[in-house]
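Engineer: Next up, query_38.cif (mmCIF, C-alpha atoms and all ligand atoms).
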data_entry
#
loop_
_atom_site.group_PDB
_atom_site.id
_atom_site.type_symbol
_atom_site.label_atom_id
_atom_site.label_comp_id
_atom_site.auth_asym_id
_atom_site.auth_seq_id
_atom_site.Cartn_x
_atom_site.Cartn_y
_atom_site.Cartn_z
ATOM 1 C CA MET A 566 0.000 0.000 0.000
ATOM 2 C CA ARG A 567 1.484 3.241 -1.067
ATOM 3 C CA PHE A 568 0.317 6.650 -0.359
ATOM 4 C CA TYR A 569 0.926 9.577 -2.623
ATOM 5 C CA GLN A 570 0.061 12.781 -1.079
ATOM 6 C CA SER A 571 0.391 16.011 -2.928
ATOM 7 C CA ILE A 572 1.401 19.149 -1.233
ATOM 8 C CA LEU A 573 -1.620 20.888 -0.014
ATOM 9 C CA VAL A 574 -1.235 24.540 -0.618
ATOM 10 C CA VAL A 575 -3.519 26.588 1.411
ATOM 11 C CA VAL A 576 -3.368 30.253 0.916
ATOM 12 C CA LEU A 577 -5.421 32.112 3.366
ATOM 13 C CA PHE A 578 -6.512 35.583 2.586
ATOM 14 C CA THR A 579 -8.318 37.328 5.292
ATOM 15 C CA ILE A 580 -9.674 40.701 4.635
ATOM 16 C CA VAL A 581 -10.970 42.318 7.715
ATOM 17 C CA SER A 582 -12.316 45.754 7.238
ATOM 18 C CA ALA A 583 -11.819 48.195 9.995
ATOM 19 C CA ALA A 584 -14.853 48.963 12.090
ATOM 20 C CA SER A 585 -16.831 51.589 10.249
ATOM 21 C CA ALA A 586 -18.043 54.869 11.596
ATOM 22 C CA ASN A 587 -21.160 56.875 10.849
ATOM 23 C CA ILE A 588 -20.361 59.133 7.906
ATOM 24 C CA ILE A 589 -23.470 61.260 8.341
ATOM 25 C CA VAL A 590 -22.545 64.465 10.102
ATOM 26 C CA ASN A 591 -25.040 65.571 12.738
ATOM 27 C CA GLY A 592 -27.310 62.600 12.042
ATOM 28 C CA SER A 593 -28.959 63.119 15.414
ATOM 29 C CA PHE A 594 -29.758 66.788 14.719
ATOM 30 C CA GLU A 595 -28.097 67.893 17.934
ATOM 31 C CA ASN A 596 -26.487 70.859 16.154
ATOM 32 C CA PRO A 597 -27.020 73.690 16.406
ATOM 33 C CA PRO A 598 -28.080 73.280 20.047
ATOM 34 C CA LEU A 599 -31.317 75.191 20.546
ATOM 35 C CA ILE A 600 -32.228 77.554 23.327
ATOM 36 C CA ASN A 601 -35.882 77.620 22.320
ATOM 37 C CA PRO A 602 -37.929 74.436 21.895
ATOM 38 C CA ALA A 603 -38.005 74.814 18.125
ATOM 39 C CA ALA A 604 -36.261 76.592 15.271
ATOM 40 C CA SER A 605 -37.610 76.942 11.744
ATOM 41 C CA TYR A 606 -35.543 76.630 8.596
ATOM 42 C CA ASN A 607 -36.883 77.445 5.144
ATOM 43 C CA SER A 608 -35.968 75.908 1.823
ATOM 44 C CA GLY A 609 -32.375 76.758 0.983
ATOM 45 C CA ALA A 610 -31.316 77.222 4.612
ATOM 46 C CA THR A 611 -28.580 75.086 6.122
ATOM 47 C CA PHE A 612 -28.164 73.921 9.692
ATOM 48 C CA GLY A 613 -25.556 71.557 11.105
ATOM 49 C CA ASN A 614 -24.531 70.026 7.718
ATOM 50 C CA TRP A 615 -28.140 69.611 6.547
ATOM 51 C CA THR A 616 -29.786 71.689 3.839
ATOM 52 C CA VAL A 617 -33.517 72.291 3.593
ATOM 53 C CA ILE A 618 -34.653 71.352 0.103
ATOM 54 C CA LYS A 619 -38.310 72.300 0.061
ATOM 55 C CA GLY A 620 -40.987 73.946 2.170
ATOM 56 C CA ASP A 621 -39.701 74.338 5.706
ATOM 57 C CA ILE A 622 -38.750 72.122 8.615
ATOM 58 C CA GLU A 623 -38.482 72.565 12.374
ATOM 59 C CA LEU A 624 -35.604 71.531 14.531
ATOM 60 C CA ILE A 625 -37.220 70.401 17.792
ATOM 61 C CA ASN A 626 -35.775 70.513 21.280
ATOM 62 C CA GLY A 627 -38.270 69.791 24.008
ATOM 63 C CA TYR A 628 -41.646 69.177 22.401
ATOM 64 C CA TRP A 629 -41.082 65.444 22.577
ATOM 65 C CA LEU A 630 -38.592 62.816 23.647
ATOM 66 C CA ASP A 631 -36.143 61.885 20.931
ATOM 67 C CA ALA A 632 -34.816 58.625 19.591
ATOM 68 C CA GLN A 633 -31.317 59.826 20.390
ATOM 69 C CA GLY A 634 -30.111 62.899 22.251
ATOM 70 C CA ILE A 635 -32.373 65.891 22.844
ATOM 71 C CA GLN A 636 -33.123 67.202 19.354
ATOM 72 C CA SER A 637 -34.847 65.865 16.245
ATOM 73 C CA LEU A 638 -36.792 67.128 13.231
ATOM 74 C CA ASP A 639 -40.397 67.801 12.393
ATOM 75 C CA LEU A 640 -40.214 67.558 8.609
ATOM 76 C CA ASN A 641 -43.317 69.713 8.378
ATOM 77 C CA GLY A 642 -42.445 73.146 9.661
ATOM 78 C CA ILE A 643 -45.619 74.945 8.687
ATOM 79 C CA ASN A 644 -45.524 73.176 5.307
ATOM 80 C CA PRO A 645 -44.137 69.808 4.201
ATOM 81 C CA GLY A 646 -40.369 70.121 4.000
ATOM 82 C CA GLY A 647 -37.311 68.044 3.401
ATOM 83 C CA VAL A 648 -33.610 67.903 4.152
ATOM 84 C CA LYS A 649 -30.549 66.612 2.380
ATOM 85 C CA GLN A 650 -26.936 65.936 3.164
ATOM 86 C CA VAL A 651 -24.218 65.178 0.629
ATOM 87 C CA VAL A 652 -21.797 62.600 1.953
ATOM 88 C CA SER A 653 -18.425 61.334 0.802
ATOM 89 C CA THR A 654 -18.771 57.780 -0.438
ATOM 90 C CA VAL A 655 -16.721 55.158 -2.220
ATOM 91 C CA ALA A 656 -17.978 53.962 -5.603
ATOM 92 C CA ASN A 657 -19.346 50.414 -5.516
ATOM 93 C CA GLN A 658 -19.277 50.352 -1.723
ATOM 94 C CA TRP A 659 -22.411 49.193 0.058
ATOM 95 C CA TYR A 660 -23.663 51.102 3.085
ATOM 96 C CA LYS A 661 -26.234 50.494 5.749
ATOM 97 C CA LEU A 662 -28.609 53.445 6.012
ATOM 98 C CA ARG A 663 -30.505 53.582 9.274
ATOM 99 C CA PHE A 664 -32.765 56.181 10.871
ATOM 100 C CA ALA A 665 -35.567 56.575 13.384
ATOM 101 C CA MET A 666 -38.985 57.843 12.334
ATOM 102 C CA ALA A 667 -42.014 58.908 14.343
ATOM 103 C CA GLY A 668 -44.592 61.636 13.870
ATOM 104 C CA ASN A 669 -45.615 64.949 15.381
ATOM 105 C CA THR A 670 -48.064 63.991 18.136
ATOM 106 C CA TYR A 671 -49.568 67.451 18.612
ATOM 107 C CA VAL A 672 -52.322 66.824 16.077
ATOM 108 C CA ALA A 673 -54.999 64.135 15.920
ATOM 109 C CA ALA A 674 -53.602 60.715 15.136
ATOM 110 C CA THR A 675 -52.777 60.206 11.490
ATOM 111 C CA THR A 676 -50.294 58.502 9.240
ATOM 112 C CA MET A 677 -47.178 60.502 8.477
ATOM 113 C CA ASP A 678 -45.436 59.828 5.183
ATOM 114 C CA MET A 679 -41.832 60.396 4.252
ATOM 115 C CA GLU A 680 -39.803 59.606 1.159
ATOM 116 C CA VAL A 681 -36.153 58.650 1.373
ATOM 117 C CA TYR A 682 -33.861 59.289 -1.581
ATOM 118 C CA TRP A 683 -30.355 57.969 -2.174
ATOM 119 C CA ASN A 684 -28.453 59.443 -5.086
ATOM 120 C CA GLY A 685 -31.700 60.824 -6.479
ATOM 121 C CA ASN A 686 -33.564 57.524 -6.389
ATOM 122 C CA VAL A 687 -36.386 56.669 -4.014
ATOM 123 C CA VAL A 688 -35.224 54.129 -1.452
ATOM 124 C CA ASP A 689 -38.602 53.854 0.219
ATOM 125 C CA THR A 690 -41.736 55.683 1.215
ATOM 126 C CA CYS A 691 -41.955 55.311 4.979
ATOM 127 C CA HIS A 692 -45.140 55.535 6.983
ATOM 128 C CA PHE A 693 -45.710 56.097 10.673
ATOM 129 C CA ASN A 694 -49.099 56.169 12.334
ATOM 130 C CA THR A 695 -49.143 58.313 15.456
ATOM 131 C CA ALA A 696 -52.206 56.637 16.998
ATOM 132 C CA GLY A 697 -51.541 55.855 20.643
ATOM 133 C CA TYR A 698 -48.345 57.848 20.846
ATOM 134 C CA THR A 699 -47.607 61.011 22.775
ATOM 135 C CA TRP A 700 -44.699 63.421 23.231
ATOM 136 C CA SER A 701 -43.297 61.191 25.963
ATOM 137 C CA ASN A 702 -43.754 57.958 24.041
ATOM 138 C CA MET A 703 -43.167 58.763 20.403
ATOM 139 C CA GLY A 704 -42.860 55.195 19.216
ATOM 140 C CA TRP A 705 -39.644 55.883 17.342
ATOM 141 C CA THR A 706 -39.254 53.165 14.743
ATOM 142 C CA TYR A 707 -35.988 52.309 13.047
ATOM 143 C CA PHE A 708 -35.804 51.728 9.310
ATOM 144 C CA GLU A 709 -32.774 50.076 7.705
ATOM 145 C CA TYR A 710 -31.672 49.758 4.083
ATOM 146 C CA ASN A 711 -28.610 48.609 2.208
ATOM 147 C CA VAL A 712 -27.629 51.215 -0.356
ATOM 148 C CA LYS A 713 -24.778 51.260 -2.839
ATOM 149 C CA ALA A 714 -22.697 54.262 -3.821
ATOM 150 C CA VAL A 715 -21.869 54.828 -7.465
ATOM 151 C CA SER A 716 -19.462 57.716 -7.013
ATOM 152 C CA SER A 717 -17.383 59.623 -4.493
ATOM 153 C CA SER A 718 -20.289 61.815 -3.467
ATOM 154 C CA THR A 719 -23.878 60.842 -2.707
ATOM 155 C CA GLU A 720 -26.913 62.854 -1.744
ATOM 156 C CA LEU A 721 -29.170 61.505 0.997
ATOM 157 C CA ARG A 722 -32.570 63.120 1.202
ATOM 158 C CA PHE A 723 -35.607 62.887 3.479
ATOM 159 C CA GLU A 724 -38.769 64.480 2.207
ATOM 160 C CA SER A 725 -42.142 64.838 3.886
ATOM 161 C CA ILE A 726 -45.119 64.004 1.721
ATOM 162 C CA SER A 727 -47.480 64.366 4.683
ATOM 163 C CA THR A 728 -50.315 66.711 3.870
ATOM 164 C CA ALA A 729 -52.941 65.674 6.453
ATOM 165 C CA TYR A 730 -51.667 68.510 8.635
ATOM 166 C CA SER A 731 -49.434 70.992 6.877
ATOM 167 C CA ASN A 732 -47.698 72.051 10.099
ATOM 168 C CA ALA A 733 -47.184 68.596 11.666
ATOM 169 C CA GLY A 734 -45.353 65.832 9.894
ATOM 170 C CA PRO A 735 -42.848 63.005 10.096
ATOM 171 C CA ALA A 736 -40.326 63.198 12.916
ATOM 172 C CA LEU A 737 -36.791 62.139 12.072
ATOM 173 C CA ASP A 738 -33.777 61.359 14.256
ATOM 174 C CA ASP A 739 -30.633 59.258 14.618
ATOM 175 C CA VAL A 740 -29.631 58.994 10.953
ATOM 176 C CA SER A 741 -26.588 56.855 10.284
ATOM 177 C CA LEU A 742 -24.750 55.606 7.237
ATOM 178 C CA VAL A 743 -22.067 53.014 7.789
ATOM 179 C CA ALA A 744 -19.979 51.173 5.230
ATOM 180 C CA ILE A 745 -20.819 47.490 5.194
ATOM 181 C CA PRO A 746 -17.557 45.600 5.751
ATOM 182 C CA GLU A 747 -16.468 43.163 3.104
ATOM 183 C CA PRO A 748 -17.196 39.656 4.265
ATOM 184 C CA VAL A 749 -14.204 37.891 5.686
ATOM 185 C CA THR A 750 -12.853 36.173 2.611
ATOM 186 C CA VAL A 751 -11.107 32.894 3.049
ATOM 187 C CA SER A 752 -9.643 31.627 -0.194
ATOM 188 C CA PHE A 753 -8.137 28.217 -0.299
ATOM 189 C CA LEU A 754 -6.147 28.741 -3.467
ATOM 190 C CA GLY A 755 -4.780 25.576 -4.869
ATOM 191 C CA LEU A 756 -7.189 23.449 -2.960
ATOM 192 C CA GLY A 757 -8.690 22.298 -6.198
ATOM 193 C CA ILE A 758 -5.424 22.245 -8.113
ATOM 194 C CA GLY A 759 -3.103 20.574 -5.704
ATOM 195 C CA ALA A 760 -5.773 18.716 -3.957
ATOM 196 C CA LEU A 761 -4.953 16.350 -1.257
ATOM 197 C CA LEU A 762 -4.411 13.160 -3.135
ATOM 198 C CA PHE A 763 -4.679 9.773 -1.580
ATOM 199 C CA LYS A 764 -3.808 6.969 -3.897
ATOM 200 C CA ARG A 765 -4.078 3.503 -2.605
ATOM 201 C CA ARG A 766 -2.832 0.424 -4.367
HETATM 202 CA CA CA B 801 -31.347 63.566 18.209
HETATM 203 CA CA CA B 802 -44.313 71.779 12.635
#
Could I get this structure in the form of structure tokens?

Structural biologist:
Amino acid sequence: MRFYQSILVVVLFTIVSAASANIIVNGSFENPPLINPAASYNSGATFGNWTVIKGDIELINGYWLDAQGIQSLDLNGINPGGVKQVVSTVANQWYKLRFAMAGNTYVAATTMDMEVYWNGNVVDTCHFNTAGYTWSNMGWTYFEYNVKAVSSSTELRFESISTAYSNAGPALDDVSLVAIPEPVTVSFLGLGIGALLFKRR
């Protein structure tokens, strides 16, 4: 009985991406810190790295408890509004987009509607029904999506399409965008070529 055993070449490549950080700046809307319970920003205005893109929005500090920190947005100031932030991205990189949504609870219960855009394309139309919720229990709900960048710069946009009450709309907080690490890649090169060979005679 003879054994012929080829050399098993195992080449192990391990790619471990560094832990990724949130690349949204001021995703929790804590800046600028407010003295009053609310501040209004009209279309074209900027605040803490966000730009208002339509209508008007209100930065809220104190009308309700937030998902994170002590400030968040009412995307309907006195009219449906929206915000955007342009972030630095890496082409072909996937990211996890995550945010908390609720609704202004100072009007009768209704469904608040918000569109999310990534690079100009609708990611989703999100809905939140405020029934049963109050300022102290907003029911903040997290939404998560995997989105892919196609260039070095990507626009992220949140837009209220809530018209039930023009001055009360979707509440938004705790926005994050984190690069999704490459899976740990283990390549056994040569495993098929120089396969372990047992030959028995
Ligand atoms: Ca916040
Ligand atoms: Ca409002």

Engineer: Using all atoms listed in the file, which residues sit within 9 Å of stretch 686-688 of chain A once same-chain residues fewer than 6 positions away are excluded, as a ChimeraX atom specification?

Structural biologist: /A:680,710,712

Engineer: List as a list in words the protein and nucleic acid residues near A:Trp615, meaning an atom at most 7 Å away when all atoms listed in the file are counted, but skip any in the same chain fewer than 4 places from it.

Structural biologist: Thr611, Val648, Lys649 and Gln650 of chain A

Engineer: For the provided coordinates, the residues matched by the PyMOL selection byres (((not hetatm)) within 7 of (chain B and resi 801)) should be stated as a VMD selection string.

Structural biologist: chain A and resid 593 to 595 631 to 637 738 to 739

Engineer: Take the residues from that selection and put them in a file with C-alpha atoms, as a PDB file, in the frame of the given file.

Structural biologist:
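Wrote it out as selection-v3.pdb, contents follow:
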ATOM      1  CA  SER A 593     -28.959  63.119  15.414  1.00  0.00           C
ATOM      2  CA  PHE A 594     -29.758  66.788  14.719  1.00  0.00           C
ATOM      3  CA  GLU A 595     -28.097  67.893  17.934  1.00  0.00           C
ATOM      4  CA  ASP A 631     -36.143  61.885  20.931  1.00  0.00           C
ATOM      5  CA  ALA A 632     -34.816  58.625  19.591  1.00  0.00           C
ATOM      6  CA  GLN A 633     -31.317  59.826  20.390  1.00  0.00           C
ATOM      7  CA  GLY A 634     -30.111  62.899  22.251  1.00  0.00           C
ATOM      8  CA  ILE A 635     -32.373  65.891  22.844  1.00  0.00           C
ATOM      9  CA  GLN A 636     -33.123  67.202  19.354  1.00  0.00           C
ATOM     10  CA  SER A 637     -34.847  65.865  16.245  1.00  0.00           C
ATOM     11  CA  ASP A 738     -33.777  61.359  14.256  1.00  0.00           C
ATOM     12  CA  ASP A 739     -30.633  59.258  14.618  1.00  0.00           C
TER      13      ASP A 739
END

Engineer: Of the residues A:Phe612, A:Phe708, A:Tyr671, A:Trp659, which is the one nearest to ligand CA 802 (chain B), using only C-alpha atoms and all ligand atoms?

Structural biologist: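 Under the stated criterion, the closest residue is A:Tyr671.
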
Engineer: Could you pull out the residues sitting within 7 Å of ligand CA 802 (chain B), using all atoms listed in the file, and write them as an MDAnalysis selection string?

Structural biologist: chainID A and resid 622:623 639 641:643 732:734

Engineer: Now that the selection is made, can you save its residues with C-alpha atoms as a PDB file, in the coordinates of the input?

Structural biologist:
ATOM      1  CA  ILE A 622     -38.750  72.122   8.615  1.00  0.00           C
ATOM      2  CA  GLU A 623     -38.482  72.565  12.374  1.00  0.00           C
ATOM      3  CA  ASP A 639     -40.397  67.801  12.393  1.00  0.00           C
ATOM      4  CA  ASN A 641     -43.317  69.713   8.378  1.00  0.00           C
ATOM      5  CA  GLY A 642     -42.445  73.146   9.661  1.00  0.00           C
ATOM      6  CA  ILE A 643     -45.619  74.945   8.687  1.00  0.00           C
ATOM      7  CA  ASN A 732     -47.698  72.051  10.099  1.00  0.00           C
ATOM      8  CA  ALA A 733     -47.184  68.596  11.666  1.00  0.00           C
ATOM      9  CA  GLY A 734     -45.353  65.832   9.894  1.00  0.00           C
TER      10      GLY A 734
END

Engineer: Decode the PyMOL selection byres (((chain A and resi 718) around 7) and not hetatm) for the given file into explicit residues and return them as a ChimeraX atom specification.

Structural biologist: /A:651-654,716-717,719-720

Engineer: Determine, counting all atoms listed in the file, which protein, DNA and RNA residues have an atom within 8 Å of an atom of A:Gln658; residues of the same chain fewer than 4 positions away are not included. Present the result as a ChimeraX atom specification.

Structural biologist: /A:654,713-715,744-745

Engineer: For A:Gly646, which residue out of A:Ser731, A:Thr690, A:Asn626, A:Thr695 is the nearest one, using only C-alpha atoms?

Structural biologist: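 For A:Gly646, the nearest of the given residues is A:Ser731.
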
Engineer: May I ask which of the residues A:Pro746, A:Gly613, A:Gly685, A:Gly697 is the closest one to A:Asn596, counting all atoms listed in the file?

Structural biologist: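 Residue with the minimum atom-to-atom distance to A:Asn596: A:Gly613.
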
Engineer: Closest to A:Asn601 among A:Met666, A:Ala736, A:Leu624, A:Ala729, using all atoms listed in the file?

Structural biologist: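 Ranking A:Met666, A:Ala736, A:Leu624, A:Ala729 by distance to A:Asn601, first place goes to A:Leu624.
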